[in-house]
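Dropping entry.txt in here (compact mmCIF, C-alpha atoms):
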```txt
# COMPACT_ATOMS: atom_id res chain seq x y z
CA MET A 20 17.21 -16.67 31.28
CA GLU A 21 17.19 -13.63 29.00
CA VAL A 22 17.15 -14.09 25.23
CA ILE A 23 16.89 -11.83 22.19
CA LEU A 24 14.28 -13.05 19.72
CA LEU A 25 15.66 -13.36 16.20
CA LYS A 26 12.28 -14.22 14.65
CA ASP A 27 8.66 -13.73 15.68
CA VAL A 28 7.58 -16.45 18.13
CA PRO A 29 3.83 -16.92 18.70
CA ARG A 30 2.70 -16.10 22.27
CA LEU A 31 6.22 -14.94 23.17
CA GLY A 32 7.14 -11.87 21.15
CA ARG A 33 8.36 -10.28 17.97
CA ALA A 34 11.84 -10.30 16.45
CA GLY A 35 14.28 -7.98 18.19
CA GLU A 36 12.59 -8.08 21.60
CA LEU A 37 14.27 -9.09 24.87
CA ARG A 38 12.38 -11.80 26.77
CA ASN A 39 12.93 -13.65 30.01
CA VAL A 40 12.17 -17.37 29.46
CA ALA A 41 12.76 -20.64 31.24
CA PRO A 42 16.32 -21.94 30.77
CA GLY A 43 15.15 -25.26 29.32
CA TYR A 44 12.87 -23.51 26.78
CA ALA A 45 15.75 -21.34 25.63
CA ARG A 46 18.39 -24.11 25.62
CA ASN A 47 16.26 -26.87 24.08
CA TYR A 48 14.00 -25.00 21.66
CA LEU A 49 14.58 -21.31 21.00
CA VAL A 50 18.37 -21.30 20.47
CA PRO A 51 18.68 -24.59 18.49
CA GLU A 52 15.79 -23.59 16.18
CA GLY A 53 17.44 -20.22 15.48
CA LEU A 54 14.52 -18.32 17.00
CA ALA A 55 16.57 -16.60 19.71
CA THR A 56 20.08 -15.95 20.97
CA LEU A 57 21.37 -15.55 24.50
CA VAL A 58 21.87 -12.00 25.79
CA THR A 59 25.53 -10.94 25.64
CA LYS A 60 27.24 -7.57 25.28
CA GLY A 61 27.85 -8.24 21.59
CA ALA A 62 24.29 -9.39 20.99
CA LEU A 63 22.91 -6.28 22.71
CA LYS A 64 25.18 -4.03 20.62
CA GLN A 65 24.07 -5.80 17.44
CA LEU A 66 20.40 -5.45 18.49
CA GLU A 67 20.92 -1.71 19.04
CA LEU A 68 22.54 -1.30 15.60
CA GLN A 69 19.74 -3.25 13.93
CA SER A 70 17.05 -1.17 15.64
CA GLN A 71 18.80 2.05 14.55
CA ALA A 72 19.01 0.79 10.96
CA GLU A 73 15.33 -0.20 11.04
CA ALA A 74 14.36 3.24 12.36
CA ARG A 75 16.32 4.91 9.53
CA ARG A 76 14.66 2.65 6.98
CA GLN A 77 11.20 3.43 8.40
CA ARG A 78 11.88 7.19 8.26
CA GLN A 79 13.03 6.84 4.63
CA LEU A 80 9.92 4.85 3.67
CA GLU A 81 7.67 7.40 5.40
CA ALA A 82 9.35 10.30 3.59
CA GLU A 83 8.92 8.55 0.23
CA ALA A 84 5.27 7.81 1.01
CA ARG A 85 4.57 11.44 1.93
CA GLU A 86 6.26 12.61 -1.30
CA LEU A 87 4.14 10.18 -3.34
CA ALA A 88 1.00 11.31 -1.48
CA ALA A 89 1.74 14.92 -2.41
CA GLN A 90 2.01 13.89 -6.07
CA LEU A 91 -1.18 11.81 -5.96
CA GLU A 92 -3.39 14.31 -4.15
CA GLY A 93 -5.74 15.90 -6.63
CA VAL A 94 -4.81 13.62 -9.56
CA THR A 95 -7.68 12.97 -11.95
CA LEU A 96 -7.37 9.99 -14.26
CA THR A 97 -9.53 9.67 -17.34
CA LEU A 98 -9.94 6.10 -18.54
CA THR A 99 -11.81 5.08 -21.67
CA ALA A 100 -13.73 1.84 -22.04
CA LYS A 101 -16.02 0.17 -24.53
CA THR A 102 -19.63 0.17 -23.42
CA GLY A 103 -22.74 -1.77 -24.23
CA GLU A 104 -26.37 -1.11 -23.47
CA LYS A 105 -27.20 1.36 -20.66
CA ASP A 106 -23.55 2.49 -20.58
CA ARG A 107 -22.35 -0.69 -18.85
CA LEU A 108 -18.73 -1.54 -19.56
CA TYR A 109 -17.56 -4.56 -21.48
CA GLY A 110 -15.35 -5.99 -18.75
CA SER A 111 -14.35 -3.68 -15.92
CA ILE A 112 -11.77 -1.19 -14.65
CA THR A 113 -9.63 -2.83 -11.95
CA SER A 114 -6.98 -1.58 -9.55
CA GLY A 115 -4.37 -2.85 -12.02
CA ASP A 116 -5.79 -0.60 -14.76
CA ILE A 117 -5.76 2.37 -12.38
CA ALA A 118 -2.17 1.58 -11.33
CA ASP A 119 -1.04 1.46 -14.98
CA ALA A 120 -2.72 4.80 -15.69
CA LEU A 121 -1.14 6.33 -12.57
CA GLU A 122 2.32 5.11 -13.59
CA SER A 123 2.00 6.81 -16.96
CA GLU A 124 0.57 9.95 -15.31
CA ILE A 125 3.18 10.53 -12.59
CA GLY A 126 6.09 8.56 -14.04
CA LYS A 127 6.65 6.39 -10.94
CA SER A 128 5.97 2.74 -10.27
CA VAL A 129 2.79 2.24 -8.22
CA ASP A 130 1.76 -0.87 -6.28
CA ARG A 131 -1.76 -1.87 -7.35
CA ARG A 132 -2.40 -3.54 -3.98
CA LYS A 133 -2.37 -0.12 -2.31
CA ILE A 134 -5.33 1.03 -4.41
CA GLU A 135 -8.40 0.34 -2.28
CA LEU A 136 -11.02 -0.31 -4.92
CA GLU A 137 -13.92 -2.07 -3.17
CA GLU A 138 -15.08 -3.70 -6.38
CA PRO A 139 -14.17 -3.29 -10.05
CA ILE A 140 -15.74 -0.34 -11.85
CA ARG A 141 -18.37 -1.57 -14.31
CA GLU A 142 -20.20 1.64 -15.29
CA LEU A 143 -19.36 5.04 -16.72
CA GLY A 144 -18.95 7.84 -14.22
CA THR A 145 -16.63 9.54 -11.78
CA TYR A 146 -15.26 7.64 -8.79
CA SER A 147 -13.15 8.62 -5.78
CA VAL A 148 -10.59 5.91 -5.10
CA PRO A 149 -8.45 5.91 -1.92
CA PHE A 150 -4.76 5.03 -2.24
CA LYS A 151 -3.49 3.55 1.04
CA LEU A 152 0.17 4.46 1.64
CA LEU A 153 0.49 4.45 5.44
CA SER A 154 -1.99 3.90 8.24
CA ASP A 155 -2.58 7.66 8.50
CA LEU A 156 -1.89 8.60 4.88
CA ALA A 157 -4.43 7.82 2.16
CA PRO A 158 -4.72 10.35 -0.68
CA THR A 159 -7.79 10.13 -2.90
CA ILE A 160 -7.56 9.77 -6.66
CA VAL A 161 -10.44 10.76 -8.92
CA VAL A 162 -11.08 8.23 -11.69
CA GLU A 163 -13.34 9.30 -14.53
CA VAL A 164 -14.54 6.54 -16.84
CA ILE A 165 -15.75 7.75 -20.23
CA LYS A 166 -17.12 6.02 -23.30
CA LYS A 167 -14.57 4.98 -25.90
CA GLU A 168 -15.40 6.51 -29.26
CA GLU A 169 -15.78 3.85 -31.91
CA GLU A 170 -13.69 4.28 -35.02
CA ALA A 171 -15.32 4.73 -38.43
CA GLY A 172 -13.96 1.36 -39.61
CA GLU A 173 -15.73 -0.48 -36.79
CA LYS A 174 -19.11 1.11 -37.60
CA GLU A 175 -18.86 0.18 -41.26
CA ALA A 176 -18.14 -3.45 -40.40
CA GLU A 177 -21.46 -3.74 -38.58
```
So, in terms of structure tokens, how does the structure I just supplied come out?
Amino acid sequence: MEVILLKDVPRLGRAGELRNVAPGYARNYLVPEGLATLVTKGALKQLELQSQAEARRQRQLEAEARELAAQLEGVTLTLTAKTGEKDRLYGSITSGDIADALESEIGKSVDRRKIELEEPIRELGTYSVPFKLLSDLAPTIVVEVIKKEEEAGEKEAE
């Protein structure tokens, strides 16, 4: 019996795929649980329309990612941080800090989870940070961490 999977089913397939399964499996489990529907002309037409819409959405997302990559390529961020002995930072620079600085730099919202920072930055210096947009698209951002100049009022208080 042929069915169209509506949701991902382990060891059977992903949503939107056509699968040939045992009639009892389809009738007693897949269809009642809303995991699949029987193959009909209408269901096939709907599957085709959904796959076309998904392809359009994927092309749109890829175009947006390539545009963002063009904006990010060659960007140098300069972040300031308070330091202690041996130029070690008080705290650290995280992917969230880099995302906030990028948002103010390019004027677009940036997902911090796409910034592939292996570990937080804890020392002054210049770092190359990859920004993962797509599997084949990862522009590199240069992050320069410099010492924050203390204000005159802070020195007098000490």
Between atom CA of A:Leu96 and atom CA of A:Val162, what is the distance, to one decimal in Å?
-> 4.8 Å
Residue neighbourhood A:Ser128, 9 Å, only C-alpha atoms, exclusion window fewer than 3 positions, as a short mmCIF file (atom, residue, chain, number, x, y, z; two decimals) with C-alpha atoms, in the frame of the given file:
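Listed below is the output, out00.cif:
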```
data_model
loop_
_atom_site.label_atom_id
_atom_site.label_comp_id
_atom_site.auth_asym_id
_atom_site.auth_seq_id
_atom_site.Cartn_x
_atom_site.Cartn_y
_atom_site.Cartn_z
CA ALA A 118 -2.17 1.58 -11.33
CA ASP A 119 -1.04 1.46 -14.98
CA LEU A 121 -1.14 6.33 -12.57
CA GLU A 122 2.32 5.11 -13.59
CA SER A 123 2.00 6.81 -16.96
CA ILE A 125 3.18 10.53 -12.59
#
```
Name the residues in contact with A:Met20 at a cut-off of 6 Å, using all atoms listed in the file, excluding same-chain residues fewer than 3 positions from it; report them as a PyMOL selection string.
-> chain A and resi 39-42
Hey, what's within 9 Å of A:Thr102 if we count only C-alpha atoms and toss same-chain stuff fewer than 6 positions away? As a list in words, please?
->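 In the requested form, the answer reads Leu108, Tyr109, Gly110, Glu142, Leu143, Lys166 and Lys167 of chain A.
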Distance in Å - atom CA of A:Arg107 versus atom CA of A:Phe150 = 24.9 Å
What residues have an atom no more than 12 Å from (-14.1, 10.8, -6.7) in the file's own frame, counting all atoms listed in the file, and can you write them as a list in words?
->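 The residues near that point, listed by chain and number, are Glu92, Gly93, Val94, Thr95, Leu96, Thr97, Leu136, Gly144, Thr145, Tyr146, Ser147, Val148, Pro149, Phe150, Pro158, Thr159, Ile160, Val161, Val162, Glu163 and Val164 of chain A.
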Do you know which residues lie at most 6 Å from (19.0, -17.0, 24.8), with coordinates as in the file and all atoms listed in the file counted, and could you write them as a compact mmCIF listing (two decimals) with C-alpha atoms, in the coordinates of the input?
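point-v9.txt, freshly written:
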```txt
# COMPACT_ATOMS: atom_id res chain seq x y z
CA GLU A 21 17.19 -13.63 29.00
CA VAL A 22 17.15 -14.09 25.23
CA ALA A 45 15.75 -21.34 25.63
CA ALA A 55 16.57 -16.60 19.71
CA THR A 56 20.08 -15.95 20.97
CA LEU A 57 21.37 -15.55 24.50
CA VAL A 58 21.87 -12.00 25.79
```
Skipping near chain neighbours, those fewer than 5 positions away, what residues fall within 8 Å of A:Leu24 using all atoms listed in the file, listed as an NGL selection string?
-> :A and (32-38 or 54-56)
Export of the given selection (C-alpha atoms) as a PDB file, in the frame of the given file:
```pdb
ATOM      1  CA  GLY A  32       7.140 -11.870  21.150  1.00  0.00           C
ATOM      2  CA  ARG A  33       8.360 -10.280  17.970  1.00  0.00           C
ATOM      3  CA  ALA A  34      11.840 -10.300  16.450  1.00  0.00           C
ATOM      4  CA  GLY A  35      14.280  -7.980  18.190  1.00  0.00           C
ATOM      5  CA  GLU A  36      12.590  -8.080  21.600  1.00  0.00           C
ATOM      6  CA  LEU A  37      14.270  -9.090  24.870  1.00  0.00           C
ATOM      7  CA  ARG A  38      12.380 -11.800  26.770  1.00  0.00           C
ATOM      8  CA  LEU A  54      14.520 -18.320  17.000  1.00  0.00           C
ATOM      9  CA  ALA A  55      16.570 -16.600  19.710  1.00  0.00           C
ATOM     10  CA  THR A  56      20.080 -15.950  20.970  1.00  0.00           C
TER      11      THR A  56
END
```
Separation of atom CA of A:Gln69 from atom CA of A:Leu25 in Å |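 Spanning atom CA of A:Leu25 to atom CA of A:Gln69 is a straight-line distance of 11.1 Å.
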For A:Ile140: contacts at 7 Å, all atoms listed in the file, fewer than 5 positions along chain excluded, given as a ChimeraX atom specification | /A:111-113
Those selected residues, please, written with C-alpha atoms and delivered as a PDB file, in the coordinates of the input.
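Written output follows (out06.pdb):
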```pdb
ATOM      1  CA  SER A 111     -14.350  -3.680 -15.920  1.00  0.00           C
ATOM      2  CA  ILE A 112     -11.770  -1.190 -14.650  1.00  0.00           C
ATOM      3  CA  THR A 113      -9.630  -2.830 -11.950  1.00  0.00           C
TER       4      THR A 113
END
```
Could you check which of A:Thr99, A:Gln90, A:Val50, A:Asp27 is closest to A:Glu168, using all atoms listed in the file?
->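 Nearest to A:Glu168: A:Thr99.
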Produce a table with one row for each residue of stretch 114-165 of chain A that has an atom at most 8 Å from any atom of stretch 85-89 of chain A, each row naming the nearest atom pair and its distance in Å at one decimal; use all atoms listed in the file; arrange rows by chain and rising residue number; format as a tab-separated table.
```
residue	atom	partner	partner_atom	distance
A:Leu152	CA	A:Ala88	CA	7.6
A:Leu156	CA	A:Ala88	CA	7.5
A:Ala157	CA	A:Ala88	CA	7.4
A:Pro158	CA	A:Ala88	CA	5.9
```
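Distances here use all atoms listed in the file; by that measure, the residue among A:Ile23, A:Arg141, A:Gly126, A:Ala84 closest to A:Gln65 is A:Ile23.
Shortest separation to A:Glu83 among A:Tyr44, A:Lys127, A:Pro29, A:Glu135 occurs at residue A:Lys127, atoms counted being all atoms listed in the file.
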Quick one: stretch 117-130 of chain A with N, CA and C atoms, as a PDB file, keeping the file's coordinate frame?
```
ATOM      1  N   ILE A 117      -5.987   1.058 -13.007  1.00  0.00           N
ATOM      2  CA  ILE A 117      -5.760   2.370 -12.380  1.00  0.00           C
ATOM      3  C   ILE A 117      -4.270   2.557 -12.094  1.00  0.00           C
ATOM      4  N   ALA A 118      -3.603   1.495 -11.620  1.00  0.00           N
ATOM      5  CA  ALA A 118      -2.170   1.580 -11.330  1.00  0.00           C
ATOM      6  C   ALA A 118      -1.371   1.868 -12.605  1.00  0.00           C
ATOM      7  N   ASP A 119      -1.727   1.214 -13.707  1.00  0.00           N
ATOM      8  CA  ASP A 119      -1.040   1.460 -14.980  1.00  0.00           C
ATOM      9  C   ASP A 119      -1.229   2.907 -15.431  1.00  0.00           C
ATOM     10  N   ALA A 120      -2.449   3.415 -15.305  1.00  0.00           N
ATOM     11  CA  ALA A 120      -2.720   4.800 -15.690  1.00  0.00           C
ATOM     12  C   ALA A 120      -1.968   5.780 -14.787  1.00  0.00           C
ATOM     13  N   LEU A 121      -1.881   5.473 -13.502  1.00  0.00           N
ATOM     14  CA  LEU A 121      -1.140   6.330 -12.570  1.00  0.00           C
ATOM     15  C   LEU A 121       0.349   6.350 -12.903  1.00  0.00           C
ATOM     16  N   GLU A 122       0.902   5.187 -13.237  1.00  0.00           N
ATOM     17  CA  GLU A 122       2.320   5.110 -13.590  1.00  0.00           C
ATOM     18  C   GLU A 122       2.631   5.996 -14.787  1.00  0.00           C
ATOM     19  N   SER A 123       1.751   5.970 -15.792  1.00  0.00           N
ATOM     20  CA  SER A 123       2.000   6.810 -16.960  1.00  0.00           C
ATOM     21  C   SER A 123       1.762   8.287 -16.636  1.00  0.00           C
ATOM     22  N   GLU A 124       0.882   8.573 -15.683  1.00  0.00           N
ATOM     23  CA  GLU A 124       0.570   9.950 -15.310  1.00  0.00           C
ATOM     24  C   GLU A 124       1.694  10.608 -14.505  1.00  0.00           C
ATOM     25  N   ILE A 125       2.182   9.911 -13.471  1.00  0.00           N
ATOM     26  CA  ILE A 125       3.180  10.530 -12.590  1.00  0.00           C
ATOM     27  C   ILE A 125       4.594  10.066 -12.874  1.00  0.00           C
ATOM     28  N   GLY A 126       4.761   9.013 -13.670  1.00  0.00           N
ATOM     29  CA  GLY A 126       6.090   8.560 -14.040  1.00  0.00           C
ATOM     30  C   GLY A 126       6.804   7.734 -12.977  1.00  0.00           C
ATOM     31  N   LYS A 127       6.068   7.233 -11.983  1.00  0.00           N
ATOM     32  CA  LYS A 127       6.650   6.390 -10.940  1.00  0.00           C
ATOM     33  C   LYS A 127       5.900   5.074 -10.877  1.00  0.00           C
ATOM     34  N   SER A 128       6.593   4.038 -10.445  1.00  0.00           N
ATOM     35  CA  SER A 128       5.970   2.740 -10.270  1.00  0.00           C
ATOM     36  C   SER A 128       5.011   2.787  -9.081  1.00  0.00           C
ATOM     37  N   VAL A 129       3.817   2.213  -9.250  1.00  0.00           N
ATOM     38  CA  VAL A 129       2.790   2.240  -8.220  1.00  0.00           C
ATOM     39  C   VAL A 129       2.338   0.810  -7.946  1.00  0.00           C
ATOM     40  N   ASP A 130       2.206   0.456  -6.674  1.00  0.00           N
ATOM     41  CA  ASP A 130       1.760  -0.870  -6.280  1.00  0.00           C
ATOM     42  C   ASP A 130       0.234  -0.930  -6.334  1.00  0.00           C
TER      43      ASP A 130
END
```
